[in-house]
Amino acid sequence: MDIQEKINQLIQLREKARQGGGEKRIADQHAKGKFTARERIDMLLDDGSFEEYDMFMTHRCTDFGLENQNFLSDGVVTGHGTIDGRVVYVYSQDFTVLGGSLSEAVSRKICKIMDQAMKVGAPVIGINDSGGARIQEGVQSLAGYAEIFERNILASGVIPQISAIFGPCAGGAVYSPALTDVIIMTEETSYMFVTGPKVTRTVTGEDISEMELGGAVVHTSKSGVAHFRAEDEEEGILLIRKLLEYLPSNNLEDPVVTETDDPIDRREDALNEIIPSSSSQPYDVKDIIYMIVDDKEFLEMHRHYARNMVVGFAKFNGMPVGIVANQPNYLAGVLDIDASKKAARFVRFCDCFNVPLVTLVDVPGFLPGSAQEHGGIITNGAKLMFAYGEATVPKVTITLRKSYGGAHDVMSCKQLRGDLNYAWPSAEIAVMGPKGAIEVLEGKKIMAIEDAEEKAKYIAEREANYRDKFANPYEAAKFGFIDDVIEPRNTRFRIIRALQTLSTKKETLPPKKHSNIPL
């Protein structure tokens, strides 16, 4: 065989590998509304940038007839390429090859690119579409999963890890995405669960479909497992590309600052009137976010989960920033278990990758009730406090309206090493609201007043006195807990100035193996 014949053989083998499980299975994949593994990679990466690894690797199992089902590349396509010119590593499970099931060979391919990503300091993107462990390989498949899990754990906080669920993801397979930073699911074609409907029906008697058990709607609104719900794969891939605009390639770098035409000193006069005159009246905090960030662009995470808390990425003068905000439009912005977990996870994510934090506070307290106490609101609220207190990135806090009780402490207060804490004139910073405070402080006197009109007048006077003394930002400012009271329309400028000042901030934690966050 001369050199040209060998080259022709190489070309033929490459073409065979690119066919995955064959034309019929590719057609079946398209019929389900799904793209193939290589099509997804082509959509994700910059044109012509993909460098594939291990195209010719195959499994070595000879049991249960698998010796007759050997496909080049096996059940995953792996390699590296670029997104907007930045190097990323990617693996894309191929459902056309034995249902994308995980073999020892598939595990080795995935682990290879994860190891390489750690060496060069580049993000890893995993596209999941798999029937789970390859049962024919038994414990080798289980060991393969564990090899991937260990790399997910070691890479956590070192390089960004993003998981796209574009098909089935069940059993042990769910734990790799769960260990990554961000999970994206598609509405019609993806699901995740540890135990499927058949076993659930057998063990518990519960009759439930795959989507009802672990579809995108469930995991983005009820469990909080997934961060984004995309309408289809194209949107999911666009979300991945967009998300990487706000993140550095690794924990030793800063996020990339971009150019913007949005003026630093742009004033928003509407902010001076956005807070309702009644402290119990709701408003949408996202209206404030859109007005102060660059080009009114905000990438919200966990949009459908714990809606009393808003988290996501934006830019201020081109600088990527993580935003955490109470949402008065939902449950009055109260802190509960889910909101605390959601925000704590996001704060730690930002801190891992040197993304500054801007916190917008309007919180009446923690949600009361036996369901919250029995569910562990103490531990879960402590997670958010721990996350803010441990974070060393620049932290700018704006108190918009209410900041009461323990919730005030939790929401990036000065004592949790908040760098610059500002307040609007509408801010109410106190142990509790006027009504509750007077009930505690003046309860006996109020009970002693028999005349209803006189009692109402007394309560109103006392509440007014309390409001004048404590329900404003100046008491906190008097002690230096608020650095300045600012005019709302100047908020964008003040945040940008603060972030510029804090860009050279250096803060370290005491030497330790690792923290013991309340989990």
# chains A, B, ... in the order shown; residues from 1 in each chain; ligands from 1
>>> select_by_dssp(residues="stretch 276-442 of chain A", states="strand (DSSP E or B)", output="PyMOL selection string")
chain A and resi 299-301+309-316+319-326+335+357-363+366+395-404+420-423+428-430
>>> residues_around(residues="A:Lys24", least_positions_apart="6", cutoff="12 Å", atoms="only C-alpha atoms", output="list in words")
His30, Ala31, Thr96 and Val97 of chain A
>>> select_by_dssp(residues="stretch 422-458 of chain A", states="helix (DSSP H, G or I)", output="ChimeraX atom specification")
/A:434-441,443-448,452-458
>>> write_last_selection(atoms="N, CA and C atoms", output="compact mmCIF listing (two decimals), in the first residue's frame")
# COMPACT_ATOMS: atom_id res chain seq x y z
N PRO A 434 -41.84 48.84 61.38
CA PRO A 434 -42.45 49.63 62.46
C PRO A 434 -43.59 48.92 63.17
N LYS A 435 -44.47 48.27 62.42
CA LYS A 435 -45.63 47.62 63.02
C LYS A 435 -45.20 46.53 64.00
N GLY A 436 -44.32 45.65 63.53
CA GLY A 436 -43.85 44.56 64.39
C GLY A 436 -43.06 45.06 65.57
N ALA A 437 -42.25 46.09 65.35
CA ALA A 437 -41.43 46.62 66.43
C ALA A 437 -42.29 47.21 67.55
N ILE A 438 -43.31 47.95 67.17
CA ILE A 438 -44.18 48.56 68.19
C ILE A 438 -44.96 47.51 68.95
N GLU A 439 -45.36 46.45 68.26
CA GLU A 439 -46.06 45.36 68.94
C GLU A 439 -45.18 44.72 70.01
N VAL A 440 -43.88 44.64 69.73
CA VAL A 440 -42.95 44.06 70.71
C VAL A 440 -42.62 45.05 71.82
N LEU A 441 -42.30 46.28 71.41
CA LEU A 441 -41.82 47.27 72.38
C LEU A 441 -42.93 47.87 73.24
N GLY A 443 -46.21 46.51 73.48
CA GLY A 443 -47.33 45.59 73.57
C GLY A 443 -48.17 45.73 74.82
N LYS A 444 -47.54 45.81 75.97
CA LYS A 444 -48.29 45.90 77.23
C LYS A 444 -49.06 47.21 77.33
N LYS A 445 -48.45 48.30 76.91
CA LYS A 445 -49.13 49.60 76.96
C LYS A 445 -50.34 49.60 76.01
N ILE A 446 -50.15 49.03 74.85
CA ILE A 446 -51.23 48.98 73.87
C ILE A 446 -52.40 48.17 74.40
N MET A 447 -52.10 47.04 75.04
CA MET A 447 -53.16 46.19 75.60
C MET A 447 -53.92 46.89 76.71
N ALA A 448 -53.24 47.79 77.41
CA ALA A 448 -53.87 48.48 78.54
C ALA A 448 -54.84 49.59 78.11
N ALA A 452 -60.79 51.98 71.63
CA ALA A 452 -60.26 51.55 70.34
C ALA A 452 -59.66 52.71 69.55
N GLU A 453 -60.34 53.84 69.56
CA GLU A 453 -59.85 54.99 68.79
C GLU A 453 -58.54 55.51 69.37
N GLU A 454 -58.50 55.56 70.68
CA GLU A 454 -57.29 56.02 71.36
C GLU A 454 -56.14 55.04 71.13
N LYS A 455 -56.46 53.75 71.15
CA LYS A 455 -55.44 52.73 70.90
C LYS A 455 -54.86 52.87 69.49
N ALA A 456 -55.73 53.04 68.50
CA ALA A 456 -55.28 53.19 67.12
C ALA A 456 -54.39 54.42 66.95
N LYS A 457 -54.79 55.50 67.61
CA LYS A 457 -54.02 56.74 67.53
C LYS A 457 -52.64 56.55 68.16
N TYR A 458 -52.60 55.86 69.31
CA TYR A 458 -51.34 55.62 70.01
C TYR A 458 -50.39 54.78 69.15
>>> closest_residue(among="A:Ser130, A:Thr260, A:Gln12, A:Thr82", to="A:Gly99", atoms="only C-alpha atoms")
A:Ser130
>>> residues_around(residues="A:Tyr246", least_positions_apart="4", cutoff="8 Å", atoms="only C-alpha atoms", output="list in words")
Lys242, Pro255, Val256, Phe313, Ala314, Pro320, Val321 and Val355 of chain A
>>> closest_residue(among="A:Leu179, A:Val87, A:Val139, A:Ile208", to="A:Ser156", atoms="only C-alpha atoms")
A:Leu179
>>> closest_residue(among="A:Thr189, A:Asn329, A:Asn152, A:Gln161", to="A:Ala216", atoms="only C-alpha atoms")
A:Thr189
>>> atom_distance(atom1="atom CA of A:Thr379", atom2="atom CA of A:Phe479")
29.3 Å
>>> closest_residue(among="A:Cys61, A:Val218, A:Ala332, A:Ile184", to="A:Pro364", atoms="only C-alpha atoms")
A:Ala332
>>> residues_around(residues="A:Val174", least_positions_apart="4", cutoff="7 Å", atoms="only C-alpha atoms", output="PDB file with N, CA and C atoms, in the first residue's frame")
ATOM      1  N   CYS A 169     -30.711  11.870  30.363  1.00  0.00           N
ATOM      2  CA  CYS A 169     -29.590  11.895  31.305  1.00  0.00           C
ATOM      3  C   CYS A 169     -30.124  11.269  32.591  1.00  0.00           C
ATOM      4  N   ALA A 170     -29.843   9.986  32.788  1.00  0.00           N
ATOM      5  CA  ALA A 170     -30.503   9.257  33.873  1.00  0.00           C
ATOM      6  C   ALA A 170     -29.514   8.400  34.646  1.00  0.00           C
ATOM      7  N   ALA A 178     -24.515  17.553  37.648  1.00  0.00           N
ATOM      8  CA  ALA A 178     -24.806  18.139  38.959  1.00  0.00           C
ATOM      9  C   ALA A 178     -23.562  18.706  39.630  1.00  0.00           C
ATOM     10  N   MET A 192     -33.816  14.593  33.190  1.00  0.00           N
ATOM     11  CA  MET A 192     -32.826  14.104  34.140  1.00  0.00           C
ATOM     12  C   MET A 192     -33.540  13.466  35.322  1.00  0.00           C
ATOM     13  N   PHE A 193     -33.104  12.303  35.724  1.00  0.00           N
ATOM     14  CA  PHE A 193     -33.565  11.723  36.988  1.00  0.00           C
ATOM     15  C   PHE A 193     -32.624  10.597  37.396  1.00  0.00           C
ATOM     16  N   VAL A 194     -32.559  10.356  38.693  1.00  0.00           N
ATOM     17  CA  VAL A 194     -31.732   9.277  39.225  1.00  0.00           C
ATOM     18  C   VAL A 194     -32.410   7.938  38.980  1.00  0.00           C
TER      19      VAL A 194
END
>>> atom_distance(atom1="atom CA of A:Thr399", atom2="atom CA of A:Ile459")
27.1 Å
>>> residues_around(residues="stretch 480-494 of chain A", least_positions_apart="6", cutoff="10 Å", atoms="only C-alpha atoms", output="NGL selection string")
:A and (263-275 or 288-289 or 291-294 or 316-317 or 396-400 or 413-415 or 418-427 or 429 or 473-474 or 500)
>>> write_last_selection(atoms="N, CA and C atoms", output="CSV table (one decimal), in the first residue's frame")
chain,number,residue,atom,x,y,z
A,263,PRO,N,-23.0,55.3,28.2
A,263,PRO,CA,-22.2,56.2,29.0
A,263,PRO,C,-22.1,55.8,30.5
A,264,ILE,N,-21.0,56.0,31.1
A,264,ILE,CA,-20.8,55.7,32.5
A,264,ILE,C,-21.8,56.5,33.3
A,265,ASP,N,-21.9,57.8,33.0
A,265,ASP,CA,-22.7,58.7,33.8
A,265,ASP,C,-24.2,58.9,33.3
A,266,ARG,N,-24.7,57.8,32.6
A,266,ARG,CA,-26.0,57.9,32.2
A,266,ARG,C,-27.0,57.9,33.4
A,267,ARG,N,-27.8,58.9,33.5
A,267,ARG,CA,-28.8,59.0,34.6
A,267,ARG,C,-30.1,58.4,34.1
A,268,GLU,N,-30.8,57.8,35.1
A,268,GLU,CA,-32.1,57.3,34.9
A,268,GLU,C,-33.1,58.0,35.8
A,269,ASP,N,-33.7,59.0,35.4
A,269,ASP,CA,-34.6,59.8,36.2
A,269,ASP,C,-35.8,58.9,36.8
A,270,ALA,N,-36.2,57.9,36.0
A,270,ALA,CA,-37.3,57.1,36.4
A,270,ALA,C,-37.0,56.4,37.7
A,271,LEU,N,-35.7,56.2,38.0
A,271,LEU,CA,-35.3,55.5,39.3
A,271,LEU,C,-35.7,56.3,40.5
A,272,ASN,N,-35.8,57.6,40.4
A,272,ASN,CA,-36.2,58.4,41.5
A,272,ASN,C,-37.6,58.2,41.9
A,273,GLU,N,-38.4,57.6,41.0
A,273,GLU,CA,-39.8,57.5,41.3
A,273,GLU,C,-40.2,56.0,41.3
A,274,ILE,N,-39.3,55.1,41.2
A,274,ILE,CA,-39.7,53.7,41.0
A,274,ILE,C,-40.1,53.0,42.3
A,275,ILE,N,-39.7,53.4,43.4
A,275,ILE,CA,-40.0,52.8,44.7
A,275,ILE,C,-41.4,53.3,45.1
A,288,ILE,N,-35.3,47.9,37.6
A,288,ILE,CA,-34.1,48.6,38.1
A,288,ILE,C,-32.8,48.1,37.5
A,289,ILE,N,-32.7,46.7,37.4
A,289,ILE,CA,-31.5,46.1,36.9
A,289,ILE,C,-31.3,46.5,35.4
A,291,MET,N,-32.3,49.1,33.9
A,291,MET,CA,-32.0,50.6,33.8
A,291,MET,C,-30.6,50.9,34.1
A,292,ILE,N,-29.9,50.1,35.0
A,292,ILE,CA,-28.6,50.5,35.4
A,292,ILE,C,-27.4,49.8,34.7
A,293,VAL,N,-27.7,48.6,34.1
A,293,VAL,CA,-26.6,47.9,33.5
A,293,VAL,C,-26.4,48.4,32.1
A,294,ASP,N,-25.2,47.9,31.5
A,294,ASP,CA,-24.9,48.3,30.1
A,294,ASP,C,-26.0,47.8,29.1
A,316,PHE,N,-21.1,46.4,33.6
A,316,PHE,CA,-21.1,47.8,34.0
A,316,PHE,C,-19.8,48.4,33.3
A,317,ASN,N,-20.0,49.3,32.4
A,317,ASN,CA,-18.9,49.8,31.6
A,317,ASN,C,-18.0,48.7,31.0
A,396,VAL,N,-20.4,45.3,46.0
A,396,VAL,CA,-21.1,46.6,46.1
A,396,VAL,C,-22.5,46.3,46.4
A,397,THR,N,-23.0,46.9,47.5
A,397,THR,CA,-24.4,46.6,47.9
A,397,THR,C,-25.2,47.9,47.9
A,398,ILE,N,-26.4,47.9,47.3
A,398,ILE,CA,-27.3,49.0,47.3
A,398,ILE,C,-28.6,48.6,48.0
A,399,THR,N,-28.9,49.3,49.1
A,399,THR,CA,-30.2,49.0,49.8
A,399,THR,C,-31.2,49.9,49.2
A,400,LEU,N,-32.2,49.3,48.5
A,400,LEU,CA,-33.3,50.0,47.8
A,400,LEU,C,-34.4,50.5,48.7
A,413,CYS,N,-24.0,42.6,53.9
A,413,CYS,CA,-23.9,43.8,54.7
A,413,CYS,C,-22.4,44.2,54.9
A,414,LYS,N,-22.2,45.3,55.5
A,414,LYS,CA,-20.8,45.8,55.7
A,414,LYS,C,-20.0,44.8,56.6
A,415,GLN,N,-20.6,44.1,57.5
A,415,GLN,CA,-19.9,43.2,58.4
A,415,GLN,C,-19.5,41.9,57.8
A,418,GLY,N,-18.5,43.6,53.1
A,418,GLY,CA,-19.0,44.4,51.9
A,418,GLY,C,-18.1,45.5,51.7
A,419,ASP,N,-17.6,45.8,50.5
A,419,ASP,CA,-16.6,46.8,50.3
A,419,ASP,C,-17.3,48.2,50.3
A,420,LEU,N,-18.3,48.4,49.5
A,420,LEU,CA,-19.0,49.7,49.4
A,420,LEU,C,-20.5,49.4,49.6
A,421,ASN,N,-21.1,49.9,50.6
A,421,ASN,CA,-22.5,49.8,50.9
A,421,ASN,C,-23.2,51.1,50.7
A,422,TYR,N,-24.1,51.2,49.7
A,422,TYR,CA,-24.8,52.4,49.5
A,422,TYR,C,-26.3,52.2,49.8
A,423,ALA,N,-27.1,53.2,50.0
A,423,ALA,CA,-28.5,53.1,50.2
A,423,ALA,C,-29.2,54.3,49.5
A,424,TRP,N,-30.4,53.9,49.0
A,424,TRP,CA,-31.3,55.0,48.5
A,424,TRP,C,-32.0,55.7,49.7
A,425,PRO,N,-32.5,56.9,49.5
A,425,PRO,CA,-33.2,57.6,50.6
A,425,PRO,C,-34.4,56.8,51.1
A,426,SER,N,-34.9,55.9,50.2
A,426,SER,CA,-36.1,55.1,50.6
A,426,SER,C,-35.7,53.9,51.4
A,427,ALA,N,-34.5,53.7,51.7
A,427,ALA,CA,-34.0,52.5,52.5
A,427,ALA,C,-34.6,52.6,53.9
A,429,ILE,N,-33.6,50.4,57.2
A,429,ILE,CA,-32.7,49.5,57.8
A,429,ILE,C,-33.0,49.4,59.3
A,473,PRO,N,-32.1,55.3,56.0
A,473,PRO,CA,-30.8,54.9,55.9
A,473,PRO,C,-29.8,55.6,56.8
A,474,TYR,N,-30.2,56.7,57.4
A,474,TYR,CA,-29.3,57.6,58.1
A,474,TYR,C,-28.8,57.1,59.4
A,500,GLN,N,-14.6,50.3,39.6
A,500,GLN,CA,-13.3,50.8,39.1
A,500,GLN,C,-12.3,50.9,40.2
>>> atom_distance(atom1="atom CA of A:Ile183", atom2="atom CA of A:Arg229")
8.9 Å
>>> residues_around(residues="A:Ile135", least_positions_apart="5", cutoff="9 Å", atoms="only C-alpha atoms", output="compact mmCIF listing (two decimals) with N, CA and C atoms, in the first residue's frame")
# COMPACT_ATOMS: atom_id res chain seq x y z
N SER A 101 -24.47 5.49 25.23
CA SER A 101 -24.18 4.88 26.53
C SER A 101 -22.69 5.00 26.86
N LEU A 102 -22.41 5.07 28.16
CA LEU A 102 -21.05 5.30 28.62
C LEU A 102 -20.30 4.00 28.80
N SER A 103 -19.26 3.84 28.01
CA SER A 103 -18.37 2.69 28.12
C SER A 103 -17.07 3.14 28.77
N SER A 141 -18.14 0.36 33.34
CA SER A 141 -18.91 1.56 33.04
C SER A 141 -19.09 2.40 34.29
>>> closest_residue(among="A:Ile159, A:Asp295, A:Val361, A:Val124", to="A:Asp261", atoms="only C-alpha atoms")
A:Asp295
>>> closest_residue(among="A:Ala430, A:Ile153, A:Val257, A:Val311", to="A:Phe470", atoms="only C-alpha atoms")
A:Ala430
